[in-house]
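Right, one structure below, let's go through it.
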There are 2 protein chains.
Amino acid sequence: MSQGFMTNVAVHKGLDNIFIKHTALSNIEGDKGRLYYLGYPIEELAEYSTYEEVCFLLLNRRLPTKSELQDFARKLRKERNVPENVLKIIKELPRDAPMVSVLRASLDILSLYDGDAERNDVQAWMNVAVRIISKIATLVAAVYRLKKGLEPVDPNPSLSHSANFLYMSTGRLPTPLESKVMDVGFILHAEHELPASSTAALVVASTLSDLYSAISAGVSALKGPLHGGANERALEMLLEIGSPEKAEDYVDQQLSAGKKIMGFGHRVYKTFDPRAVIFKRYLELLSDAKKDYRFLHLANKLEEAVVRALGSKSVFPNIDLYSGPVFHLLGLEKEIFTPMFAAARSVGWIAHVLEYWEDNRLIRPRAVYVGPAPRRYVSLNERL
Amino acid sequence: MSQGFMTNVAVHKGLDNIFIKHTALSNIEGDKGRLYYLGYPIEELAEYSTYEEVCFLLLNRRLPTKSELQDFARKLRKERNVPENVLKIIKELPRDAPMVSVLRASLDILSLYDGDAERNDVQAWMNVAVRIISKIATLVAAVYRLKKGLEPVDPNPSLSHSANFLYMSTGRLPTPLESKVMDVGFILHAEHELPASSTAALVVASTLSDLYSAISAGVSALKGPLHGGANERALEMLLEIGSPEKAEDYVDQQLSAGKKIMGFGHRVYKTFDPRAVIFKRYLELLSDAKKDYRFLHLANKLEEAVVRALGSKSVFPNIDLYSGPVFHLLGLEKEIFTPMFAAARSVGWIAHVLEYWEDNRLIRPRAVYVGPAPRRYVSLNERL
């Protein structure tokens with residue numbers, strides 16, 4: 001059957017260890033469990049920086065001065081409102097559909113109202129970048145509220161990007177600790193080199209399609225359970241296990257059934273995901289503040305059991321094990337996890353696209369043909 | 001500045017000649033100018049087959065029996081209508097936005113109404129496949145009519161898929177020749193291995209996101225001027241040149257200015273694109289029928305001049321040179337070209353996704369880090 005003339009060609013399924021661009025944005029040291037944005041350790045950015053500053057850092061590839069940061073934060077704040085027409089249409093969309101799908105539709109509708117979307121110059125790209133990063137948070141919160149049967153909440157200009165997002169989602173003003181934790185969540189999800197979502201954005205952008213189209217593709221990829229859908233599933237797993245004393249049995253059962261355990265293992269990290277370590281610390285702080293230790297103790301027990309069983313095979317906690325419990329304690333339900341991830345990552349997608357466009361090349365891989373050899377068409381009447 | 005520890009790693013920008021999957025769907029012999037779907041030469045499929053049959057062929061990887069084809073065509077026909085709610089929302093969208101962007105938004109809205117969209121079994125995928133292939137044609141025609149300030153036209157169940165598409169777009173019943181030419185246009189655009197749009201669909205699908213998400217990403221990529229946008233630009237070029245006797249001067253001017261000429265050259269074909277040869281023949285037939293030879297003579301002159309100048313550098317007509325004039329003579333305006341391409345290619349995107357899902361692997365490439373070495377965060381007050 002097969003023509004076979006190309007069967008000696010290597011097929012890079014999954015593109016494992018295929019490098020498709022240079023980047024100055026982030027560096028993952030998978031063996032050491034280290035992550036840097038522009039050379040700055042993720043631990044220091046989480047501790048001392050803000051999401052607004054990290055966005056500036058990723059878009060401009062350097063930290064801002066004080067006045068640059070004020071100016072950038074002001075631009076982001078000014079862009080928080082979504083056009084009335086867009087909100088009106090979003091309210092008509094079905095609410096039982098997956099939230100990520102509604103978010104993508106909403107973002108696509110929003111793009112139709114942006115007069116800069118089709119312009120091809122750096123200034124327009126920066127305008128659109130700020131607009132997307134700011135407005136996608138408002139869209140996520142609005143879609144979330146609508147799904148819960150609640151009215152969207154208007155942005156609050158006195159709050160930071162992340163605190164305002166939490167406010168628009170829950171409808172109540174966050175405490176300082178909650179604001180800080182939400183901001184850390186946005187910082188930790190802002191950028192992570194080339195997962196499938198960033199790759200999808202790049203493939204689209206390489207055709208010189210517009211920024212909205214690239215981000216829309218990123219959202220599409222993030223939706224998959226092998227990518228952004230994973231944190232929602234990790235929380236479901238924790239809720240299913242229910243209590244710390246059941247953690248060890250659960251791990252045994254899963255492993256003997258040959259099943260994987262959500263929140264563990266990563267294509268690049270072969271030790272602790274540094275973002276998991278940071279989220280774990282904030283889970284401790286939040287648990288103290290809320291006097292609610294259920295998830296903390298359960299996740300800790302799970303970590304112990306999995307690392308004991310699989311640590312030698314480089315399976316360690318990834319970001320999803322501790323992020324779900326953190327978001328849960330912030331009062332957010334699991335339906336919002338992936339859309340919120342998209343809101344935080346929008347800047348990473350945009351930064352990779354802008355970096356790629358500096359020396360663009362259309363992405364056009366090949367497939368190895370393994371089908372039938374050339375043959376004559378058989379007319380319908382002659383077919384068996 | 002650079003850490004430099006990975007600078008000896010090869011970067012496959014554009015993924016040129018990187019093979020990312022096996023496929024039985026199509027085979028491009030770039031040096032010989034040959035294209036096959038499942039081993040059947042594209043020339044024979046264009047001559048003897050129909051778009052419905054080609055869809056069956058790509059989805060099932062074999063030609064149908066007579067009753068299978070009848071059954072499949074009936075399913076496609078039954079799915080032509082778009083839910084009233086969706087049409088109502090589409091009518092509210094801005095009409096001055098690019099048609100491809102409106103199409104993507106429309107498709108994303110449609111997905112929210114499909115109860116099978118989130119199911120993960122082969123039967124659901126086939127239902128969704130038929131639904132997307134059928135309804136996307138209706139969406140394209142509706143968005144096109146609305147852009148022109150006209151009411152959408154209801155599908156006509158007595159017509160074939162392509163003839164009905166032409167009818168819904170122009171509002172008049174096509175002649176037998178027009179129906180055949182439209183069908184050939186759909187067949188020639190149905191599948192073409194792994195251009196950026198199919199690659200974007202695969203990247204999204206590899207996360208186990210849903211079919212609509214994958215197709216939405218395909219539409220996003222097709223929008224780019226380096227991909228689906230090219231046929232629109234080729235027609236613009238022909239209109240700009242205006243008459244056959246100006247063709248040679250135009251080619252000289254472009255080449256001496258170091259500019260490229262739309263409708264020529266291809267990443268994979270190093271000789272005549274076989275689809276261009278077929279479209280050229282149908283352009284001749286249509287020109288005869290319409291007694292309008294402007295585009296035919298102009299495109300021929302252009303082909304002569306470019307092949308004379310650049311044939312030795314493997315630059316030959318691609319599909320876009322002759323497809324634009326053909327669609328123009330069918331009464332379609334250039335705004336519909338890329339969306340129509342998306343409608344025809346939807347089956348190719350879906351077929352590649354279904355083939356990939358048989359042995360899925362998350363697509364997760366890497367980037368070579370060339371940014372700053374690890375450094376300490378500097379607080380805002382200490383910054384210059």
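Residues are referred to by chain and number: the chain letter is A, B, ... according to the order shown in the structure tokens, the number counts from 1 in that chain, and ligands are numbered separately from 1 in the order shown.
The protein and nucleic acid residues lying at most 7 Å from segment 323-328 of chain B are Asn231, Glu232, Ala234, Leu235, Phe279, Leu283, Phe295 and Glu333 of chain B, with only C-alpha atoms considered and sequence neighbours fewer than 5 positions away removed.
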Write the residues you've just listed into a file as a PDB file, in the first residue's frame, and include C-alpha atoms for each of them.
ATOM      1  CA  ASN B 231      -5.613  34.804  -3.691  1.00  0.00           C
ATOM      2  CA  GLU B 232      -7.381  38.056  -2.837  1.00  0.00           C
ATOM      3  CA  ALA B 234      -3.460  38.128  -6.672  1.00  0.00           C
ATOM      4  CA  LEU B 235      -6.794  39.366  -8.024  1.00  0.00           C
ATOM      5  CA  PHE B 279      -8.004  26.358 -12.701  1.00  0.00           C
ATOM      6  CA  LEU B 283     -10.882  29.899 -16.603  1.00  0.00           C
ATOM      7  CA  PHE B 295      -8.403  38.029 -16.999  1.00  0.00           C
ATOM      8  CA  GLU B 333     -16.105  39.493  -4.973  1.00  0.00           C
TER       9      GLU B 333
END
Inset, instruction - With a distance cut-off of 9 Å and only C-alpha atoms, select the neighbouring residues of Ser198 of chain B, excluding the residue or stretch itself and same-chain residues fewer than 3 positions from it, and output the selection as a PyMOL selection string. - result: chain B and resi 192-195+201-203+214-215+217-218+221-222+345+348-350+352-353
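For segment 376-384 of chain B, the residues within 7 Å (counting only C-alpha atoms, excluding itself and residues fewer than 3 positions away along the chain) are Tyr40, Glu44, Thr65 and Lys66 of chain A.
Distances to Arg281 of chain A were evaluated for A:Val184, A:Ile90, A:Met340, A:Leu166 using only C-alpha atoms, and the minimum falls at A:Val184.
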Inset, instruction - Could you please select, counting only C-alpha atoms, the residues of chain A within 6 Å of chain B and state them as a count of residues only? - result: 56
Inset, instruction - Please report, as JSON, numbers by chain, each residue of segment 256-353 of chain B to which DSSP assigns helix (DSSP H, G or I) when run on this structure's backbone. - result: {"B": [256, 274, 275, 276, 277, 278, 279, 280, 281, 282, 283, 284, 285, 286, 287, 288, 289, 290, 294, 295, 296, 297, 298, 299, 300, 301, 302, 303, 304, 305, 306, 307, 308, 309, 310, 311, 312, 313, 319, 320, 321, 322, 323, 324, 325, 326, 327, 328, 329, 334, 335, 336, 337, 338, 339, 340, 341, 342, 343, 344, 345, 346, 347, 348, 349, 350, 351, 352, 353]}
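For the pair atom CA of Tyr250 of chain B and atom CA of Glu304 of chain B, the separation is 12.4 Å.
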Near Lys280 of chain A, within 9 Å and counting only C-alpha atoms, which residues show up once chain neighbours fewer than 5 positions away are dropped, as an mmCIF file with N, CA, C and O atoms, in the first residue's frame?
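Produced file selection.cif, reproduced below:
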data_model
loop_
_atom_site.group_PDB
_atom_site.id
_atom_site.type_symbol
_atom_site.label_atom_id
_atom_site.label_comp_id
_atom_site.auth_asym_id
_atom_site.auth_seq_id
_atom_site.Cartn_x
_atom_site.Cartn_y
_atom_site.Cartn_z
ATOM 1 N N ARG A 275 7.049 27.084 40.100
ATOM 2 C CA ARG A 275 5.787 27.782 40.309
ATOM 3 C C ARG A 275 4.933 27.046 41.334
ATOM 4 O O ARG A 275 4.180 27.651 42.101
ATOM 5 N N LEU A 285 -0.200 30.568 53.354
ATOM 6 C CA LEU A 285 -0.611 31.877 53.886
ATOM 7 C C LEU A 285 -2.137 32.036 53.847
ATOM 8 O O LEU A 285 -2.759 32.501 54.804
ATOM 9 N N LEU A 296 -4.635 22.273 51.724
ATOM 10 C CA LEU A 296 -3.198 22.296 51.990
ATOM 11 C C LEU A 296 -2.729 20.927 52.470
ATOM 12 O O LEU A 296 -1.767 20.355 51.936
ATOM 13 N N ASN A 300 -0.425 18.337 50.339
ATOM 14 C CA ASN A 300 0.865 17.941 50.912
ATOM 15 C C ASN A 300 1.006 16.417 50.981
ATOM 16 O O ASN A 300 2.041 15.854 50.619
ATOM 17 N N LEU A 321 -1.086 21.505 40.753
ATOM 18 C CA LEU A 321 -1.441 20.883 42.038
ATOM 19 C C LEU A 321 -1.839 21.946 43.063
ATOM 20 O O LEU A 321 -2.831 21.785 43.784
ATOM 21 N N TYR A 322 -1.073 23.031 43.134
ATOM 22 C CA TYR A 322 -1.329 24.033 44.173
ATOM 23 C C TYR A 322 -2.112 25.255 43.688
ATOM 24 O O TYR A 322 -2.662 26.000 44.492
ATOM 25 N N SER A 323 -2.154 25.480 42.370
ATOM 26 C CA SER A 323 -2.869 26.679 41.889
ATOM 27 C C SER A 323 -4.381 26.533 42.107
ATOM 28 O O SER A 323 -5.047 27.489 42.526
ATOM 29 N N VAL A 326 -5.405 27.293 45.648
ATOM 30 C CA VAL A 326 -5.236 28.737 45.897
ATOM 31 C C VAL A 326 -6.427 29.505 45.322
ATOM 32 O O VAL A 326 -7.050 30.327 46.006
#
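If you look at atom CA of Ala137 of chain B and atom CA of Tyr167 of chain B, they are 11.0 Å away from each other.
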Legend entry - Non-local contacts of Ile136 of chain A (10 Å; only C-alpha atoms; under 2 positions in same chain excluded) as a ChimeraX atom specification: /A:80-82,103-104,106-107,110,131-134,138-142,165,339-340,342-344,346
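Of all the residues in segment 244-368 of chain B, the ones DSSP labels as strand (DSSP E or B) from the backbone are B:Phe264, B:Pro317, B:Arg366, B:Ala367, B:Val368.
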Legend entry - Counting only C-alpha atoms, the option among B:Pro317, B:Gly33, B:Pro152, B:Gly171 closest to Glu84 of chain B: B:Pro152
Legend entry - Length of the atom CA of Met168 of chain A to atom CA of Ala129 of chain A vector [Å]: 21.0 Å
Inset, instruction - Give the answer as one residue: which of B:Glu355, B:Glu240, B:Glu284, B:Glu178 has the shortest atom-to-atom distance to Gly331 of chain B, using only C-alpha atoms? - result: B:Glu178
